[in-house]
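Asker: Got a file for you: model-v9.txt, compact mmCIF, C-alpha atoms.
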# COMPACT_ATOMS: atom_id res chain seq x y z
CA MET A 1 12.97 -30.06 3.91
CA LYS A 2 12.67 -31.05 7.57
CA LYS A 3 13.25 -27.43 8.60
CA LEU A 4 10.60 -26.17 6.17
CA ALA A 5 8.14 -28.81 7.33
CA LEU A 6 8.69 -27.78 10.95
CA ILE A 7 8.11 -24.11 10.16
CA MET A 8 4.94 -24.87 8.21
CA THR A 9 3.69 -27.05 11.06
CA LEU A 10 4.24 -24.21 13.51
CA LEU A 11 2.40 -21.81 11.25
CA ALA A 12 -0.47 -24.18 10.59
CA SER A 13 -0.89 -24.95 14.28
CA SER A 14 -1.21 -21.29 15.26
CA SER A 15 -4.91 -20.63 15.78
CA VAL A 16 -4.28 -16.87 15.78
CA MET A 17 -2.25 -16.63 12.57
CA ALA A 18 -2.86 -13.23 10.96
CA GLN A 19 -5.86 -12.60 13.24
CA GLY A 20 -4.24 -10.50 15.92
CA ASP A 21 -5.70 -7.55 17.79
CA VAL A 22 -4.38 -4.22 16.54
CA GLU A 23 -4.95 -2.32 19.79
CA ALA A 24 -3.40 -5.08 21.86
CA GLY A 25 -0.42 -5.08 19.51
CA LYS A 26 -0.01 -1.33 19.89
CA ALA A 27 0.16 -1.73 23.66
CA LYS A 28 2.86 -4.39 23.30
CA ALA A 29 4.97 -2.56 20.71
CA ALA A 30 6.91 -0.14 22.94
CA THR A 31 10.15 -2.13 22.87
CA CYS A 32 9.92 -2.55 19.09
CA ALA A 33 10.06 1.22 18.59
CA ALA A 34 13.74 1.45 19.56
CA CYS A 35 14.78 -0.19 16.27
CA HIS A 36 11.68 -0.05 14.08
CA GLY A 37 10.26 3.34 15.05
CA ALA A 38 7.00 4.09 16.83
CA ASP A 39 5.20 4.04 13.48
CA GLY A 40 7.03 0.99 12.12
CA ASN A 41 9.28 3.09 9.89
CA SER A 42 12.77 2.66 11.25
CA ALA A 43 15.03 5.69 11.28
CA LEU A 44 18.14 3.52 10.98
CA ALA A 45 18.51 1.99 7.52
CA GLN A 46 19.99 -1.32 8.71
CA TYR A 47 16.68 -2.09 10.44
CA PRO A 48 13.64 -2.86 8.29
CA LYS A 49 10.50 -0.84 7.95
CA ILE A 50 7.75 -3.16 9.14
CA ALA A 51 4.82 -0.77 8.81
CA GLY A 52 2.36 -2.01 6.20
CA GLN A 53 4.00 -5.42 5.88
CA HIS A 54 1.67 -8.39 5.52
CA PRO A 55 0.70 -9.66 8.99
CA ARG A 56 1.19 -13.30 8.06
CA TYR A 57 4.73 -12.59 6.89
CA LEU A 58 5.56 -10.60 10.04
CA GLU A 59 4.20 -13.38 12.23
CA LYS A 60 6.17 -16.00 10.29
CA GLN A 61 9.38 -14.09 10.89
CA LEU A 62 8.71 -13.80 14.62
CA ILE A 63 8.00 -17.53 14.85
CA GLU A 64 11.23 -18.28 13.00
CA PHE A 65 13.28 -15.84 15.10
CA LYS A 66 11.98 -17.60 18.21
CA LEU A 67 12.84 -20.98 16.70
CA GLY A 68 16.29 -19.67 15.82
CA GLN A 69 16.84 -18.79 19.46
CA SER A 70 15.57 -22.08 20.88
CA SER A 71 17.55 -24.17 18.37
CA GLY A 72 20.79 -22.24 18.75
CA GLY A 73 20.55 -21.01 15.17
CA LYS A 74 20.16 -24.50 13.67
CA GLN A 75 16.56 -23.92 12.63
CA GLY A 76 14.36 -20.99 11.75
CA ARG A 77 15.98 -17.59 11.40
CA TYR A 78 18.59 -16.49 13.88
CA ASP A 79 19.50 -12.90 14.69
CA PRO A 80 21.34 -11.87 17.90
CA VAL A 81 18.82 -9.11 18.62
CA MET A 82 15.54 -10.27 17.11
CA SER A 83 15.79 -13.89 18.22
CA GLY A 84 16.24 -12.70 21.78
CA MET A 85 13.30 -10.31 21.46
CA ALA A 86 11.03 -13.01 20.01
CA ALA A 87 11.97 -15.70 22.54
CA PRO A 88 9.47 -14.67 25.28
CA LEU A 89 6.60 -13.90 22.89
CA SER A 90 3.50 -16.09 22.87
CA GLU A 91 1.53 -16.91 19.72
CA VAL A 92 -1.01 -14.27 20.75
CA ASP A 93 1.74 -11.67 21.23
CA MET A 94 3.14 -12.39 17.79
CA ALA A 95 -0.26 -12.15 16.15
CA ASP A 96 -1.11 -8.89 17.94
CA LEU A 97 2.22 -7.24 17.10
CA SER A 98 1.96 -8.36 13.48
CA ALA A 99 -1.58 -7.03 13.16
CA TYR A 100 -0.56 -3.69 14.65
CA PHE A 101 2.44 -3.04 12.44
CA ALA A 102 0.55 -4.27 9.37
CA SER A 103 -2.12 -1.64 10.08
CA LEU A 104 0.41 1.20 9.77
CA GLU A 105 1.57 2.88 6.57
CA MET A 106 5.08 2.37 5.25
CA SER A 107 6.91 5.55 4.30
CA GLN A 108 8.05 5.93 0.71
CA GLY A 109 11.65 5.99 -0.44
CA THR A 110 13.54 7.02 -3.55
CA THR A 111 15.74 5.37 -6.16
CA PRO A 112 19.07 6.95 -7.16
CA GLU A 113 19.23 7.62 -10.89
CA ASN A 114 22.37 5.51 -11.32
CA SER A 115 20.61 2.38 -10.02
CA LEU A 116 17.39 2.75 -11.99
CA ASP A 117 18.28 0.89 -15.21
CA VAL A 118 20.02 -2.13 -13.69
CA GLY A 119 17.56 -2.44 -10.82
CA LYS A 120 14.53 -2.17 -13.07
CA GLN A 121 15.91 -4.72 -15.52
CA LEU A 122 16.55 -7.29 -12.78
CA TYR A 123 13.24 -6.65 -11.07
CA LEU A 124 11.02 -6.80 -14.14
CA ALA A 125 12.90 -9.20 -16.41
CA GLY A 126 15.64 -10.95 -14.44
CA ASP A 127 18.41 -12.45 -16.56
CA ALA A 128 17.42 -15.56 -18.51
CA GLU A 129 20.96 -16.31 -19.64
CA ARG A 130 22.11 -16.62 -16.03
CA GLY A 131 18.92 -18.23 -14.78
CA ILE A 132 17.87 -15.25 -12.66
CA THR A 133 14.12 -15.15 -12.18
CA ALA A 134 12.47 -11.72 -12.33
CA CYS A 135 11.50 -10.43 -8.88
CA VAL A 136 8.13 -9.32 -10.25
CA ALA A 137 7.08 -12.97 -10.59
CA CYS A 138 6.64 -13.31 -6.83
CA HIS A 139 6.56 -9.75 -5.50
CA GLY A 140 4.30 -8.17 -8.11
CA PRO A 141 4.67 -5.12 -10.38
CA ARG A 142 4.71 -2.64 -7.49
CA GLY A 143 6.64 -4.82 -5.06
CA ASN A 144 3.63 -5.35 -2.80
CA GLY A 145 4.03 -9.11 -2.58
CA THR A 146 1.26 -11.66 -2.24
CA PRO A 147 -0.16 -12.14 1.27
CA SER A 148 -1.81 -15.48 0.53
CA SER A 149 1.41 -16.93 -0.89
CA GLY A 150 3.67 -15.56 1.81
CA PHE A 151 5.67 -13.25 -0.44
CA PRO A 152 6.43 -10.01 1.43
CA LYS A 153 6.07 -6.40 0.44
CA ILE A 154 9.56 -5.23 -0.55
CA SER A 155 8.89 -1.85 -2.16
CA GLY A 156 9.75 1.26 -0.15
CA GLN A 157 12.12 -0.69 2.09
CA HIS A 158 15.44 0.78 3.21
CA ALA A 159 17.98 -0.05 0.52
CA GLU A 160 20.63 -0.83 3.12
CA TYR A 161 18.43 -3.41 4.85
CA THR A 162 17.45 -5.05 1.56
CA GLN A 163 21.10 -5.16 0.53
CA ILE A 164 22.06 -6.84 3.81
CA GLN A 165 19.35 -9.48 3.42
CA LEU A 166 20.13 -10.25 -0.23
CA THR A 167 23.79 -10.66 0.68
CA LYS A 168 22.85 -13.01 3.52
CA PHE A 169 20.69 -15.07 1.17
CA ARG A 170 23.52 -15.20 -1.35
CA ASP A 171 26.10 -16.22 1.24
CA GLY A 172 23.87 -18.78 2.95
CA GLN A 173 23.66 -16.82 6.20
CA ARG A 174 19.88 -16.60 5.83
CA ASN A 175 17.90 -19.54 4.51
CA ASN A 176 14.34 -19.27 5.77
CA ASP A 177 12.96 -18.51 2.32
CA LEU A 178 10.32 -20.77 0.80
CA ASN A 179 11.99 -23.68 -1.02
CA GLY A 180 15.27 -21.76 -1.14
CA MET A 181 13.99 -19.45 -3.87
CA MET A 182 15.67 -16.29 -2.60
CA GLY A 183 18.96 -18.07 -2.02
CA SER A 184 18.88 -19.42 -5.56
CA VAL A 185 18.30 -15.98 -7.09
CA ALA A 186 20.71 -14.07 -4.84
CA ALA A 187 23.50 -16.58 -5.46
CA LYS A 188 23.73 -15.33 -9.04
CA LEU A 189 23.86 -11.61 -8.23
CA SER A 190 27.03 -9.53 -7.99
CA ASP A 191 27.60 -6.96 -5.26
CA ALA A 192 26.85 -4.18 -7.75
CA GLU A 193 23.61 -5.83 -8.85
CA ILE A 194 22.48 -6.34 -5.26
CA THR A 195 23.12 -2.65 -4.57
CA ALA A 196 21.26 -1.52 -7.69
CA LEU A 197 18.30 -3.81 -7.04
CA SER A 198 18.07 -2.78 -3.38
CA GLN A 199 18.11 0.90 -4.29
CA TYR A 200 15.54 0.36 -7.05
CA LEU A 201 13.17 -1.29 -4.58
CA GLY A 202 13.53 1.61 -2.16
CA GLY A 203 11.79 3.92 -4.61
CA LEU A 204 9.31 1.44 -6.09
CA HIS A 205 5.71 2.43 -5.26
Would you encode the structure as structure tokens?
Answerer:
Amino acid sequence: MKKLALIMTLLASSSVMAQGDVEAGKAKAATCAACHGADGNSALAQYPKIAGQHPRYLEKQLIEFKLGQSSGGKQGRYDPVMSGMAAPLSEVDMADLSAYFASLEMSQGTTPENSLDVGKQLYLAGDAERGITACVACHGPRGNGTPSSGFPKISGQHAEYTQIQLTKFRDGQRNNDLNGMMGSVAAKLSDAEITALSQYLGGLH
């Protein structure tokens, strides 16, 4: 709870939250292109597409990556690459970059036929017997999330990246989700279900 309170304080104190300058962000985005692509659609599937993502969510992640670096991974979200990249960014930089990538269009993906049934079932209905909440409850019928609530767009994302993140949530390697909701859901998913769900989301439009 202390960690969550600290994150929310950082977000609330940012006077530029989700109000960045798109053109300024474009000018600052050159180093981001190496992993995320010039248009925010990464060519390498282990890196996320960030084009079209909600600016508030993007900014939150940058704040938490920076906190992860400054706290030695004890707070926020730590990643060896992203935490180092976020460390020198100011609040204005984060807002501008977030506004720029949010202004771009995410490329569409596809869902393999063999993952459609299981992925769709988990996404739309969950599994009541095992206490798995349906993804649609927070991320919406088309996976577009809810900007005002902080739930990200997850449709069209690289399946490999989504699979990596769900596995991290399940194993406790990532825990910057609101009230531990993602960790609670992912903890009940098998490897096969995580794969199917990740691939389903890749083709959800």
Asker: Name the closest residue to A:Ser103 among the candidates A:Asp21, A:Ser184, A:Gly73, A:Thr146; distances are taken between atoms, counting all atoms listed in the file.
Answerer: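 Among the listed residues, the smallest separation from A:Ser103 belongs to A:Asp21.
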Asker: Would you mind telling me which residue in A:Ser107, A:Gln163, A:Thr31, A:Ser98 lies nearest to A:Gln19 when using only C-alpha atoms?
Answerer: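 Smallest separation from A:Gln19 among the options: A:Ser98.
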Asker: Could you tell me how far atom CA of A:Ala196 sits from atom CA of A:Ala128, in Å to one decimal place?
Answerer: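 Separation of atom CA of A:Ala128 and atom CA of A:Ala196: 18.1 Å.
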Asker: What's around A:His158 at 7 Å? Count all atoms listed in the file, leave out sequence neighbours fewer than 6 positions away in its own chain, and write the answer as a count of residues only.
Answerer: 3
Asker: Pick the closest to A:Ser190 from A:Val118, A:Ala134, A:Asp177, A:Leu204: which is it, counting all atoms listed in the file?
Answerer: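 Distance minimum relative to A:Ser190 lands on A:Val118.
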Asker: Give me the residues within 7 Å of stretch 123-125 of chain A as a PyMOL selection string, counting only C-alpha atoms and dropping any in the same chain fewer than 4 places off.
Answerer: chain A and resi 119+134-136
Asker: Distance cut-off 12 Å, centre (15.9, -7.5, -10.0) in file coordinates, counting all atoms listed in the file: which residues qualify? Return them as an MDAnalysis selection string.
Answerer: chainID A and resid 115:128 132:141 143 154:155 162:163 166 182 185:186 188:190 192:201 204
Asker: Do you know which residues are at most 9 Å from A:Asp39 counting only C-alpha atoms, after dropping those on the same chain fewer than 2 positions away, and could you put them as a list in words?
Answerer: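 Everything that qualifies: Ala33, His36, Gly37, Asn41, Ser42, Ile50, Ala51, Phe101, Leu104, Glu105 and Met106 of chain A.
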Asker: What would the file look like if the residues just selected were written as a tab-separated table (two decimals), keeping the file's coordinate frame with C-alpha atoms?
Answerer:
chain	number	residue	atom	x	y	z
A	33	ALA	CA	10.06	1.22	18.59
A	36	HIS	CA	11.68	-0.05	14.08
A	37	GLY	CA	10.26	3.34	15.05
A	41	ASN	CA	9.28	3.09	9.89
A	42	SER	CA	12.77	2.66	11.25
A	50	ILE	CA	7.75	-3.16	9.14
A	51	ALA	CA	4.82	-0.77	8.81
A	101	PHE	CA	2.44	-3.04	12.44
A	104	LEU	CA	0.41	1.20	9.77
A	105	GLU	CA	1.57	2.88	6.57
A	106	MET	CA	5.08	2.37	5.25
